[in-house]
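A short worksheet on the structure shown next.
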Number of protein chains: 2
Amino acid sequence: MRIAELSRRSDVPVPTIKYYLREGLLPPGELTSRNQASYGEQHLRRLRLIRALIDLAHVPVAGVKVVLDALDSDSMSLHDQLGQVHRAVTPRPQLTANDADRVAAEAQVRKLVDDRGWLVEPDAPAIATLIETVAVLRSLDQARLVEHLDAYAEAVERFTELEVAAVVTRTDPHQIAESVVIGTILGETLIAALRLLAQENVSARRLGGPTT
Amino acid sequence: MRIAELSRRSDVPVPTIKYYLREGLLPPGELTSRNQASYGEQHLRRLRLIRALIDLAHVPVAGVKVVLDALDSDSMSLHDQLGQVHRAVTPRPQLTANDADRVAAEAQVRKLVDDRGWLVEPDAPAIATLIETVAVLRSLDQARLVEHLDAYAEAVERFTELEVAAVVTRTDPHQIAESVVIGTILGETLIAALRLLAQENVSARRLGGPTT
């Protein structure tokens, strides 16, 4: 199909498609004449993925490029693909907590990782984010919200098991990689939405309910 | 304290503090002369909260104002405060899925809410986000990732129970509101980081591990 049809079918404006082509987010079409190219179903599919990452998961364009490069890599292990995606979607946190609270938070997080026997890089960006979040909660006098960090971690592990179980039913390595990458990123949006609904439900039942 | 000391102790530049004052994010200080004001510990505390919301939870400034207004309200019920915070942190999703996938996703999400007996507004922004996320996963051939949406919802309910249990130990209504608001927003950052670490652990153990 020509770029106009690709635009119509994907609901992405032509200038945006051209921008994605220039940035290397979308592979070039097949040249059919000096200044015309033809695009296929894989372009449509890729455009849908790009829009989902940007519009729904709020991944910045530079991060989308890193995610797609990981997905398209033939030489990276699945573990390394996942690591690259994690780094792309987890910015180093800005430091806003008190130093003393950060020291206490780091000890709490390191102990959690040890206690659970998690095999994670000590300098993974998610560790830095977790430490800073716990530190900030302490700085805001909300230490009790993370008193039982281990119980949260246990509940989170249950998700992860469900997520992994849904992915490993596939057999084709590229399909597995695609499920891992998409599931990691959109899974966060999904879980965040489920959590707000579960909160609204508890609030309606226990915290006073809607004023009518 | 003067604004310079407030800046030093909060690590927020003076022009940024003045911007927050103009936008009404920070209440005015007490005037000590025609053009000098004095700030107290509550200003320092509020600045820490603002920085955490912006830098760590990535809430836009307009959303921060809505969150703080809810927190400061004397007339809203806790349920309404929570609802206002949810709306501030949950933008209406851009629609990127196929219409047919959205119809199927909506049916799946409505059934989930029914099956779990969740008391939630049918037009809650989190419902719209959940529907669009499920729809996009279907459009990207990842329907199997949400085949067991109910199991995810059940795992999420476990968090929410833990979160509520940590909050209701407080007795002062303003402290409860503060814990609910901060916990809702920073809890998302916390859970997202825990999830990435749990994923990295499972990946290291089951999906090949790091290449050495």
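Naming scheme: A, B, ... for chains in displayed order of the structure tokens; residues 1 onward per chain; ligands 1 onward as shown.
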
| request: For region 138-150 of chain A, please output as a PyMOL selection string all residues within 10 Å (counting only C-alpha atoms; exclusion window: fewer than 5 positions along the same chain). | output: (chain A and resi 96-102+104-105+108-109+111-113+115-116+132-133+155-156) or (chain B and resi 45-46+48-49+52+162-167+169-170+175+178-180+182-183+187+190-191+194)

Could you save the residues just selected, with C-alpha atoms, as a JSON list (two decimals), in the first residue's frame?
[["chain", "number", "residue", "atom", "x", "y", "z"],
["A", 96, "THR", "CA", 14.22, 14.58, 46.27],
["A", 97, "ALA", "CA", 14.39, 12.77, 49.64],
["A", 98, "ASN", "CA", 16.59, 13.65, 52.63],
["A", 99, "ASP", "CA", 19.97, 11.91, 52.63],
["A", 100, "ALA", "CA", 19.26, 10.22, 55.97],
["A", 101, "ASP", "CA", 15.97, 8.82, 54.66],
["A", 102, "ARG", "CA", 17.76, 7.56, 51.53],
["A", 104, "ALA", "CA", 17.54, 4.00, 55.58],
["A", 105, "ALA", "CA", 15.58, 3.30, 52.38],
["A", 108, "GLN", "CA", 15.45, -1.59, 53.50],
["A", 109, "VAL", "CA", 15.48, -2.25, 49.75],
["A", 111, "LYS", "CA", 17.40, -6.37, 52.60],
["A", 112, "LEU", "CA", 14.21, -6.97, 50.63],
["A", 113, "VAL", "CA", 16.16, -8.11, 47.57],
["A", 115, "ASP", "CA", 15.39, -11.83, 51.69],
["A", 116, "ARG", "CA", 13.51, -12.66, 48.51],
["A", 132, "GLU", "CA", 14.09, 6.89, 46.10],
["A", 133, "THR", "CA", 10.36, 6.15, 46.41],
["A", 155, "ALA", "CA", 1.86, -9.78, 45.83],
["A", 156, "VAL", "CA", 3.88, -8.39, 42.91],
["B", 45, "ARG", "CA", 6.88, 19.75, 53.78],
["B", 46, "ARG", "CA", 4.60, 20.88, 50.97],
["B", 48, "ARG", "CA", 8.85, 17.98, 49.30],
["B", 49, "LEU", "CA", 5.44, 16.64, 48.35],
["B", 52, "ALA", "CA", 7.90, 13.95, 44.77],
["B", 162, "LEU", "CA", -2.39, -4.09, 52.10],
["B", 163, "GLU", "CA", -2.41, -0.42, 51.13],
["B", 164, "VAL", "CA", -5.71, 0.28, 52.87],
["B", 165, "ALA", "CA", -4.58, -1.60, 55.99],
["B", 166, "ALA", "CA", -1.50, 0.66, 56.16],
["B", 167, "VAL", "CA", -3.63, 3.80, 55.89],
["B", 169, "THR", "CA", -4.21, 2.81, 61.30],
["B", 170, "ARG", "CA", -4.19, 6.62, 61.38],
["B", 175, "GLN", "CA", -3.50, 12.47, 58.10],
["B", 178, "GLU", "CA", -2.61, 12.65, 53.19],
["B", 179, "SER", "CA", -1.71, 8.96, 53.37],
["B", 180, "VAL", "CA", -4.40, 8.03, 50.85],
["B", 182, "ILE", "CA", 0.43, 10.12, 48.70],
["B", 183, "GLY", "CA", 0.00, 6.34, 48.84],
["B", 187, "GLY", "CA", 2.34, 3.57, 45.40],
["B", 190, "LEU", "CA", 6.65, 1.73, 44.03],
["B", 191, "ILE", "CA", 4.69, -1.15, 42.54],
["B", 194, "LEU", "CA", 8.90, -3.86, 42.33]]

| message | Quick one: residues within 9 Å of Leu53 (chain B), only C-alpha atoms, excluding same-chain residues fewer than 6 positions away - as a list in words? | response | Val59, Pro60, Val61, Val64, Ile182, Ile185 and Leu186 of chain B

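Residues from chain A found within 6 Å of chain B are Asp55, His79, Gln94, Trp118, Leu119, Val120, Ala126, Leu130, Leu145, Val156, Glu157, Ala166, Leu190, Ala193, Arg195, Ala198, Asn201, Ser203, Gly209 and Pro210 of chain A, counting only C-alpha atoms.
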
Just-selected residues, N, CA, C and O atoms written as a CSV table (one decimal), in the first residue's frame:
chain,number,residue,atom,x,y,z
A,55,ASP,N,1.1,6.7,23.0
A,55,ASP,CA,-0.1,7.3,23.5
A,55,ASP,C,-0.7,6.6,24.8
A,55,ASP,O,-1.3,7.3,25.5
A,79,HIS,N,16.9,-12.2,28.0
A,79,HIS,CA,17.1,-11.5,29.2
A,79,HIS,C,17.7,-10.1,28.9
A,79,HIS,O,17.3,-9.1,29.6
A,94,GLN,N,15.0,11.4,39.9
A,94,GLN,CA,15.5,12.7,40.5
A,94,GLN,C,15.6,12.5,42.0
A,94,GLN,O,14.6,11.9,42.5
A,118,TRP,N,16.2,-12.3,45.1
A,118,TRP,CA,16.0,-11.8,43.8
A,118,TRP,C,17.3,-11.7,43.1
A,118,TRP,O,18.3,-11.0,43.6
A,119,LEU,N,17.5,-12.3,41.9
A,119,LEU,CA,18.7,-12.1,41.1
A,119,LEU,C,18.5,-10.9,40.2
A,119,LEU,O,18.0,-10.9,39.1
A,120,VAL,N,18.9,-9.7,40.7
A,120,VAL,CA,18.8,-8.5,40.0
A,120,VAL,C,20.1,-7.7,40.1
A,120,VAL,O,20.9,-7.9,41.0
A,126,ALA,N,15.5,0.2,38.3
A,126,ALA,CA,14.3,0.0,39.1
A,126,ALA,C,14.7,0.0,40.6
A,126,ALA,O,13.9,0.3,41.5
A,130,LEU,N,13.1,2.4,43.3
A,130,LEU,CA,12.5,1.9,44.5
A,130,LEU,C,13.1,2.5,45.7
A,130,LEU,O,12.3,2.9,46.6
A,145,LEU,N,3.6,3.4,55.3
A,145,LEU,CA,3.1,2.8,54.0
A,145,LEU,C,4.0,1.7,53.4
A,145,LEU,O,3.6,0.9,52.6
A,156,VAL,N,3.4,-8.7,44.2
A,156,VAL,CA,3.9,-8.4,42.9
A,156,VAL,C,4.4,-9.6,42.2
A,156,VAL,O,4.2,-9.8,41.0
A,157,GLU,N,5.1,-10.5,43.0
A,157,GLU,CA,5.6,-11.7,42.4
A,157,GLU,C,4.5,-12.6,41.8
A,157,GLU,O,4.7,-13.3,40.8
A,166,ALA,N,1.7,-16.5,30.9
A,166,ALA,CA,1.0,-16.2,29.6
A,166,ALA,C,2.0,-16.0,28.5
A,166,ALA,O,1.6,-16.2,27.3
A,190,LEU,N,-1.9,-1.5,32.4
A,190,LEU,CA,-3.0,-2.4,32.8
A,190,LEU,C,-3.1,-2.5,34.3
A,190,LEU,O,-4.2,-2.3,34.9
A,193,ALA,N,-4.3,0.7,36.1
A,193,ALA,CA,-5.7,0.9,35.9
A,193,ALA,C,-6.5,0.0,36.8
A,193,ALA,O,-7.4,0.4,37.5
A,195,ARG,N,-5.5,-1.3,39.6
A,195,ARG,CA,-5.3,-0.9,41.0
A,195,ARG,C,-6.2,0.3,41.4
A,195,ARG,O,-6.8,0.3,42.4
A,198,ALA,N,-9.6,-1.1,41.9
A,198,ALA,CA,-9.7,-1.8,43.2
A,198,ALA,C,-9.8,-0.8,44.3
A,198,ALA,O,-10.5,-1.0,45.3
A,201,ASN,N,-13.2,0.8,44.5
A,201,ASN,CA,-14.1,-0.1,45.1
A,201,ASN,C,-14.0,-0.2,46.7
A,201,ASN,O,-15.0,-0.1,47.4
A,203,SER,N,-12.7,2.1,48.5
A,203,SER,CA,-13.1,3.4,49.1
A,203,SER,C,-14.6,3.5,49.2
A,203,SER,O,-15.1,4.0,50.2
A,209,GLY,N,-17.7,6.2,50.9
A,209,GLY,CA,-18.5,6.1,49.6
A,209,GLY,C,-18.7,7.4,49.0
A,209,GLY,O,-18.4,8.5,49.6
A,210,PRO,N,-19.4,7.4,47.8
A,210,PRO,CA,-19.7,8.7,47.1
A,210,PRO,C,-20.7,9.5,47.9
A,210,PRO,O,-21.6,8.9,48.5

| field | Atom-to-atom span, CA of Asp69 (chain A) and CA of Val85 (chain A), Å | value |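 Taking CA of Asp69 (chain A) as the start and CA of Val85 (chain A) as the end point, the length is 9.4 Å.
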
| query | DSSP says helix (DSSP H, G or I) for which residues of chain A? Put them as a ChimeraX atom specification? | reply | /A:3-10,14-23,41-56,61-72,78-89,99-116,125-139,143-146,149-167,173-206

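One finds CA of Lys18 (chain B) at 21.2 Å from CA of Leu71 (chain B).
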